[in-house]
file run-v4.cif (mmCIF, C-alpha atoms)
data_entry
loop_
_atom_site.label_atom_id
_atom_site.label_comp_id
_atom_site.auth_asym_id
_atom_site.auth_seq_id
_atom_site.Cartn_x
_atom_site.Cartn_y
_atom_site.Cartn_z
CA MET W 1 -43.64 -55.78 0.00
CA SER W 2 -44.56 -53.15 -2.67
CA ASN W 3 -42.25 -52.41 -5.56
CA CYS W 4 -41.24 -49.11 -3.89
CA ASP W 5 -40.28 -50.63 -0.52
CA GLN W 6 -36.98 -51.99 -1.81
CA PHE W 7 -35.82 -48.45 -2.66
CA ARG W 8 -36.65 -46.68 0.64
CA GLU W 9 -33.23 -47.20 2.20
CA TRP W 10 -31.46 -45.98 -0.95
CA PHE W 11 -32.81 -42.42 -1.26
CA GLU W 12 -30.30 -40.64 1.07
CA ALA W 13 -27.34 -42.58 -0.34
CA TYR W 14 -28.53 -41.76 -3.86
CA ALA W 15 -28.82 -38.07 -2.92
CA LEU W 16 -25.24 -38.14 -1.60
CA GLY W 17 -24.00 -39.96 -4.70
CA ALA W 18 -22.85 -42.85 -2.53
CA LEU W 19 -25.10 -45.54 -3.97
CA ASP W 20 -23.39 -48.49 -5.67
CA ALA W 21 -23.66 -48.52 -9.46
CA PRO W 22 -26.06 -51.50 -9.78
CA GLU W 23 -28.39 -50.04 -7.13
CA ARG W 24 -28.24 -46.61 -8.76
CA VAL W 25 -29.16 -48.06 -12.12
CA ALA W 26 -32.07 -49.97 -10.57
CA LEU W 27 -33.38 -46.89 -8.74
CA GLU W 28 -33.08 -44.62 -11.78
CA ALA W 29 -34.89 -47.21 -13.89
CA HIS W 30 -37.68 -47.26 -11.32
CA LEU W 31 -37.85 -43.46 -11.28
CA ALA W 32 -38.09 -43.51 -15.06
CA THR W 33 -41.40 -45.40 -14.73
CA GLY W 34 -42.90 -42.22 -13.29
CA CYS W 35 -43.29 -43.30 -9.66
CA LYS W 36 -44.34 -40.07 -7.95
CA ASP W 37 -43.78 -41.32 -4.39
CA CYS W 38 -40.20 -42.33 -5.04
CA ALA W 39 -39.48 -39.21 -7.06
CA LYS W 40 -40.79 -37.06 -4.18
CA ALA W 41 -38.68 -39.05 -1.68
CA VAL W 42 -35.55 -38.50 -3.78
CA GLU W 43 -36.20 -34.75 -3.95
CA GLU W 44 -36.68 -34.60 -0.18
CA ALA W 45 -33.43 -36.52 0.33
CA ARG W 46 -31.60 -34.11 -1.99
CA TRP W 47 -32.99 -31.13 -0.09
CA LEU W 48 -31.94 -32.65 3.25
CA VAL W 49 -28.43 -33.32 2.02
CA SER W 50 -28.15 -29.82 0.57
CA GLN W 51 -28.89 -28.34 4.02
CA LEU W 52 -25.76 -29.94 5.46
CA ALA W 53 -23.70 -27.26 3.77
CA TYR W 54 -25.42 -24.58 5.88
CA LEU W 55 -24.85 -26.49 9.14
CA ALA W 56 -21.09 -26.70 8.74
CA PRO W 57 -18.83 -24.12 10.48
CA GLU W 58 -17.36 -21.39 8.26
CA VAL W 59 -13.89 -22.91 8.05
CA ALA W 60 -11.89 -22.86 4.83
CA PRO W 61 -10.72 -26.36 3.85
CA SER W 62 -6.99 -26.87 3.58
CA ASP W 63 -5.23 -27.56 0.25
CA MET W 64 -4.81 -31.18 1.30
CA LEU W 65 -8.54 -31.45 2.01
CA LYS W 66 -9.41 -29.90 -1.37
CA GLY W 67 -7.09 -32.33 -3.11
CA ARG W 68 -8.65 -35.31 -1.37
CA LEU W 69 -12.12 -34.05 -2.26
CA MET W 70 -11.20 -33.65 -5.94
CA ARG W 71 -9.74 -37.16 -6.06
CA THR W 72 -12.90 -38.56 -4.44
CA VAL W 73 -15.18 -36.82 -6.94
CA ARG W 74 -13.07 -37.85 -9.95
CA ALA W 75 -13.10 -41.46 -8.78
CA GLU W 76 -16.87 -41.33 -8.36
CA VAL W 77 -17.34 -39.93 -11.88
CA ALA W 78 -15.04 -42.57 -13.37
CA THR W 79 -16.96 -45.38 -11.61
CA THR W 80 -20.25 -44.03 -12.87
CA LYS W 81 -18.98 -43.88 -16.46
CA ASP W 82 -17.90 -47.52 -16.34
CA ALA W 83 -21.15 -48.79 -14.81
CA VAL W 84 -23.78 -46.77 -16.68
CA ALA W 85 -24.17 -46.69 -20.46
CA ALA W 86 -25.24 -43.04 -20.45
CA PRO W 87 -22.56 -41.29 -18.35
CA ARG W 88 -23.12 -37.96 -16.67
CA SER W 89 -20.83 -35.11 -17.62
CA ASN W 90 -21.32 -32.91 -14.54
CA VAL W 91 -21.41 -33.45 -10.79
CA PRO W 92 -24.46 -31.75 -9.22
CA LEU W 93 -23.65 -28.62 -7.21
CA TRP W 94 -25.65 -29.85 -4.25
CA MET W 95 -23.37 -32.92 -4.08
CA TRP W 96 -20.28 -30.67 -3.90
CA GLY W 97 -21.79 -28.73 -1.02
CA ALA W 98 -22.89 -31.83 0.86
CA VAL W 99 -19.56 -33.65 0.57
CA ALA W 100 -17.58 -30.52 1.48
CA ALA W 101 -19.83 -29.93 4.48
CA LEU W 102 -19.34 -33.48 5.74
CA LEU W 103 -15.57 -33.30 5.36
CA ILE W 104 -15.31 -29.90 7.04
CA PHE W 105 -17.57 -31.08 9.85
CA ALA W 106 -15.29 -34.10 10.39
CA VAL W 107 -12.15 -31.90 10.52
CA VAL W 108 -13.70 -29.42 12.97
CA THR W 109 -15.03 -32.22 15.16
CA GLU W 110 -11.59 -33.83 15.34
CA ARG W 111 -10.03 -30.51 16.29
CA GLU W 112 -12.58 -29.94 19.04
CA THR W 113 -12.03 -33.49 20.31
CA LEU W 114 -8.29 -32.91 20.60
CA GLN W 115 -8.89 -29.66 22.49
CA LEU W 116 -11.27 -31.39 24.89
CA ARG W 117 -8.71 -34.14 25.52
CA LYS W 118 -6.06 -31.51 26.26
CA GLU W 119 -8.35 -29.73 28.71
CA LEU W 120 -9.21 -33.05 30.37
CA ARG W 121 -5.53 -33.92 30.86
CA SER W 122 -4.94 -30.46 32.36
CA ALA W 123 -7.86 -30.92 34.76
CA GLU W 124 -6.59 -34.37 35.78
CA TYR W 125 -3.11 -32.95 36.44
CA GLN W 126 -4.50 -30.13 38.57
CA ALA W 127 -6.64 -32.60 40.53
CA ALA W 128 -3.59 -34.81 41.13
CA MET W 129 -1.54 -31.84 42.35
CA TYR W 130 -4.39 -30.76 44.63
CA GLN W 131 -4.60 -34.29 46.05
CA LYS W 132 -0.83 -34.34 46.59
CA GLY W 133 -1.08 -31.01 48.41
CA ILE W 134 -3.73 -32.45 50.71
CA GLN W 135 -1.57 -35.51 51.40
CA ASP W 136 1.46 -33.32 52.17
CA VAL W 137 -0.58 -31.29 54.65
CA GLU W 138 -1.86 -34.46 56.30
CA VAL W 139 1.70 -35.77 56.68
CA LYS W 140 2.84 -32.48 58.23
CA LEU W 141 -0.09 -32.52 60.62
CA LYS W 142 0.71 -36.06 61.73
CA LEU W 143 4.37 -35.14 62.29
CA ALA W 144 3.35 -32.05 64.23
CA GLU W 145 1.04 -34.17 66.43
CA ARG W 146 3.84 -36.66 66.99
CA GLU W 147 6.28 -33.90 67.86
CA ASN W 148 3.81 -32.40 70.34
CA MET W 149 3.27 -35.80 71.99
CA ILE W 150 7.04 -36.20 72.46
CA LEU W 151 7.35 -32.74 73.99
CA THR W 152 4.45 -33.22 76.41
CA ASP W 153 4.54 -36.92 77.31
CA SER W 154 5.85 -37.60 80.82
CA ALA W 155 7.62 -40.70 79.51
CA SER W 156 9.94 -38.55 77.36
CA VAL W 157 13.54 -38.07 78.51
CA LYS W 158 15.14 -34.61 78.32
CA ILE W 159 18.75 -34.47 77.19
CA MET W 160 20.80 -31.26 77.12
CA LEU W 161 23.60 -31.13 74.58
CA ALA W 162 26.20 -28.60 75.68
CA GLU W 163 28.85 -26.99 73.49
CA ALA W 164 32.43 -26.74 74.64
CA GLY W 165 33.24 -23.37 76.20
CA PRO W 166 31.25 -21.03 78.43
CA GLN W 167 28.13 -19.13 77.40
CA GLN W 168 27.67 -21.19 74.29
CA PRO W 169 24.22 -21.98 72.86
CA ARG W 170 22.82 -25.35 73.74
CA VAL W 171 20.74 -27.93 71.92
CA ASN W 172 17.82 -29.51 73.75
CA ALA W 173 16.77 -33.07 72.93
CA ILE W 174 13.63 -34.83 74.13
CA TRP W 175 13.57 -38.57 73.44
CA HIS W 176 10.49 -40.76 73.64
CA ALA W 177 11.31 -44.44 73.42
CA LYS W 178 8.42 -45.14 71.00
CA LEU W 179 7.82 -41.83 69.21
CA GLY W 180 11.35 -40.56 68.49
CA ILE W 181 13.53 -37.53 69.27
CA VAL W 182 12.79 -33.81 68.99
CA LEU W 183 15.80 -31.47 68.79
CA THR W 184 15.40 -27.72 69.39
CA ALA W 185 17.98 -24.94 69.47
CA GLU W 186 18.39 -21.16 69.26
CA ASN W 187 21.29 -18.87 68.32
CA ILE W 188 23.15 -21.68 66.59
CA PRO W 189 25.84 -20.41 64.20
CA ALA W 190 25.35 -21.69 60.67
CA PRO W 191 27.96 -24.15 59.37
CA ALA W 192 30.23 -23.07 56.56
CA GLN W 193 29.03 -23.33 52.98
CA GLY W 194 28.82 -26.97 51.94
CA TRP W 195 28.58 -28.25 55.53
CA VAL W 196 25.66 -29.39 57.72
CA LEU W 197 25.00 -30.37 61.33
CA GLN W 198 24.59 -34.11 61.91
CA LEU W 199 23.19 -35.99 64.90
CA TRP W 200 24.97 -39.11 66.23
CA LEU W 201 23.91 -41.80 68.67
CA ILE W 202 26.83 -42.92 70.86
CA PRO W 203 26.29 -46.58 71.88
CA LYS W 204 26.90 -47.82 75.41
CA GLU W 205 28.71 -50.85 74.09
CA THR W 206 32.47 -50.49 74.48
CA GLY W 207 34.24 -49.96 71.16
CA ALA W 208 31.02 -49.48 69.20
CA LYS W 209 31.10 -46.74 66.55
CA PRO W 210 28.77 -43.71 66.61
CA VAL W 211 25.58 -44.33 64.70
CA PRO W 212 24.76 -41.62 62.07
CA SER W 213 21.34 -40.00 62.22
CA HIS W 214 19.55 -36.85 61.04
CA VAL W 215 21.23 -33.89 59.28
CA MET W 216 19.98 -30.33 59.91
CA TRP W 217 20.60 -26.68 59.16
CA PRO W 218 19.61 -23.70 61.35
CA ASP W 219 17.47 -20.94 59.85
CA GLU W 220 18.59 -17.33 59.47
CA GLY W 221 17.85 -16.71 63.14
CA GLY W 222 19.97 -19.66 64.24
CA LYS W 223 16.95 -21.77 65.19
CA PHE W 224 15.90 -25.28 64.28
CA THR W 225 13.32 -27.81 65.42
CA VAL W 226 13.92 -31.30 64.09
CA LEU W 227 11.85 -34.46 64.51
CA VAL W 228 13.76 -37.73 64.28
CA ALA W 229 10.77 -40.04 63.98
CA ASN W 230 12.78 -43.25 63.71
CA PRO W 231 16.13 -43.02 65.53
CA PRO W 232 18.70 -45.57 64.31
CA GLY W 233 19.13 -47.01 67.79
CA GLU W 234 17.32 -47.74 71.05
CA MET W 235 17.49 -45.19 73.87
CA SER W 236 18.36 -47.97 76.33
CA ALA W 237 21.44 -48.84 74.24
CA THR W 238 22.59 -45.22 73.79
CA LYS W 239 24.78 -43.42 76.33
CA ALA W 240 24.91 -40.01 74.62
CA LEU W 241 23.78 -37.86 71.71
CA ALA W 242 26.31 -35.77 69.79
CA ILE W 243 26.23 -33.22 66.95
CA THR W 244 29.12 -32.58 64.56
CA GLU W 245 29.67 -30.51 61.45
CA GLU W 246 29.88 -32.75 58.39
CA PRO W 247 30.11 -32.31 54.62
CA GLU W 248 26.77 -31.62 52.95
CA GLY W 249 24.73 -34.82 52.73
CA GLY W 250 26.11 -36.23 55.97
CA SER W 251 28.76 -38.83 56.78
CA SER W 252 28.77 -42.47 57.77
CA GLN W 253 31.34 -41.75 60.51
CA PRO W 254 32.20 -38.44 62.23
CA THR W 255 34.87 -36.40 60.45
CA THR W 256 35.07 -33.62 63.05
CA THR W 257 35.05 -33.31 66.83
CA PRO W 258 31.51 -33.06 68.32
CA LYS W 259 30.35 -29.48 68.88
CA TRP W 260 27.49 -30.56 71.13
CA ILE W 261 27.22 -33.68 73.28
CA GLY W 262 24.84 -34.77 76.03
CA ALA W 263 24.47 -37.96 78.06
CA THR W 264 21.19 -39.89 78.18
CA LYS W 265 19.73 -40.70 81.59
#
call {"tool": "encode", "arguments": {"input": "run-v4.cif", "output": "structure tokens"}}
result
Amino acid sequence: MSNCDQFREWFEAYALGALDAPERVALEAHLATGCKDCAKAVEEARWLVSQLAYLAPEVAPSDMLKGRLMRTVRAEVATTKDAVAAPRSNVPLWMWGAVAALLIFAVVTERETLQLRKELRSAEYQAAMYQKGIQDVEVKLKLAERENMILTDSASVKIMLAEAGPQQPRVNAIWHAKLGIVLTAENIPAPAQGWVLQLWLIPKETGAKPVPSHVMWPDEGGKFTVLVANPPGEMSATKALAITEEPEGGSSQPTTTPKWIGATK
């Protein structure tokens, strides 16, 4: 290895002023011998480092950044004075530009990274909401298919729930032993504020209490179509379906007299 080879990895660090004191002393002593190749390499390294200042974005450093830069430069000057017998009194201008460029570049890069992370989180949230929307649609489609099968299957049992009194609107129920119950109605008066309609299964067993099921609310036109996918009892063990008005949220046992009731077949 030639005498110059040991200095090749030091030129850029020397140009930045980041070379350790013993290495700096050794390199400067070598340059003092008049080595043209090494002197040319040092000049090229200084030129390269000086160009960093022109590559940095035009962003004014904050007061905190300026303070940190001044402390770094003062510490570097103090270290040089302790290690070298002939201390330097001034920091080269190109070093100021290079260090400032590197620090500004680091700050801008961090800011851009944070912005990219924010945009990524937003994109992930939108994708999750889109996926949830797709899942909701799929669930609705499956329920609609199930409801249609109940309404059209010959194995379904039709139950008419009549209201007390003549010429009153009725509720139609279609019960499929495996798929559930579909309730439909028109011209149903809305319950009072804070009340809902609740479906009950009346067991055949003597003395057994009504079993609470779905709660519902008619729309502005007095209509509703409700799918009870998993009734709380078997059709074979139920003698009738009933609907009462209950406090909002439903009840565990009826609190009012049934408004609609119909026997199963």
call {"tool": "resolve_selection", "arguments": {"input": "run-v4.cif", "expression": "the PyMOL selection byres ((chain W and resi 217) around 12)", "output": "ChimeraX atom specification"}}
result
/W:183-186,188-199,214-216,218-226,243-250
call {"tool": "atom_distance", "arguments": {"input": "run-v4.cif", "atom1": "atom CA of Ser154 of chain W", "atom2": "atom CA of His176 of chain W"}}
result
9.1 Å
call {"tool": "atom_distance", "arguments": {"input": "run-v4.cif", "atom1": "atom CA of Cys35 of chain W", "atom2": "atom CA of Asp5 of chain W"}}
result
12.1 Å
call {"tool": "atom_distance", "arguments": {"input": "run-v4.cif", "atom1": "atom CA of Leu48 of chain W", "atom2": "atom CA of Trp10 of chain W"}}
result
14.0 Å
call {"tool": "residues_around", "arguments": {"input": "run-v4.cif", "residues": "Thr152 of chain W", "least_positions_apart": "3", "cutoff": "12 Å", "atoms": "only C-alpha atoms", "output": "list of chain:residue names"}}
result
W:Glu145, W:Arg146, W:Glu147, W:Asn148, W:Met149, W:Ala155, W:Ser156, W:Val157, W:Lys158, W:Ile174, W:Trp175, W:His176, W:Leu179, W:Val182
call {"tool": "closest_residue", "arguments": {"input": "run-v4.cif", "among": "W:Thr109, W:Asn172, W:Gln115, W:Thr264", "to": "Ala237 of chain W", "atoms": "all atoms listed in the file"}}
result
W:Thr264
call {"tool": "axis_aligned_box", "arguments": {"input": "run-v4.cif", "around": "segment 37-53 of chain W", "padding_each_side": "3 Å", "output": "AutoDock Vina command-line options"}}
result
--center_x -33.7 --center_y -34.8 --center_z -0.8 --size_x 26.1 --size_y 21.1 --size_z 18.5
call {"tool": "closest_residue", "arguments": {"input": "run-v4.cif", "among": "W:Cys4, W:Val139, W:Ala45, W:Ala29", "to": "Leu16 of chain W", "atoms": "only C-alpha atoms"}}
result
W:Ala45
call {"tool": "closest_residue", "arguments": {"input": "run-v4.cif", "among": "W:Glu23, W:Ala18, W:Met129, W:Glu12", "to": "Val42 of chain W", "atoms": "only C-alpha atoms"}}
result
W:Glu12
call {"tool": "residues_around", "arguments": {"input": "run-v4.cif", "residues": "Phe11 of chain W", "least_positions_apart": "2", "cutoff": "9 Å", "atoms": "all atoms listed in the file", "output": "ChimeraX atom specification"}}
result
/W:7-9,13-16,19,27,38,41-46
call {"tool": "write_last_selection", "arguments": {"input": "run-v4.cif", "atoms": "C-alpha atoms", "output": "tab-separated table (two decimals), in the frame of the given file"}}
result
chain	number	residue	atom	x	y	z
W	7	PHE	CA	-35.82	-48.45	-2.66
W	8	ARG	CA	-36.65	-46.68	0.64
W	9	GLU	CA	-33.23	-47.20	2.20
W	13	ALA	CA	-27.34	-42.58	-0.34
W	14	TYR	CA	-28.53	-41.76	-3.86
W	15	ALA	CA	-28.82	-38.07	-2.92
W	16	LEU	CA	-25.24	-38.14	-1.60
W	19	LEU	CA	-25.10	-45.54	-3.97
W	27	LEU	CA	-33.38	-46.89	-8.74
W	38	CYS	CA	-40.20	-42.33	-5.04
W	41	ALA	CA	-38.68	-39.05	-1.68
W	42	VAL	CA	-35.55	-38.50	-3.78
W	43	GLU	CA	-36.20	-34.75	-3.95
W	44	GLU	CA	-36.68	-34.60	-0.18
W	45	ALA	CA	-33.43	-36.52	0.33
W	46	ARG	CA	-31.60	-34.11	-1.99
call {"tool": "residues_around", "arguments": {"input": "run-v4.cif", "residues": "Lys178 of chain W", "least_positions_apart": "3", "cutoff": "10 Å", "atoms": "only C-alpha atoms", "output": "PyMOL selection string"}}
result
chain W and resi 150+155-156+175+181+229-231+234-235
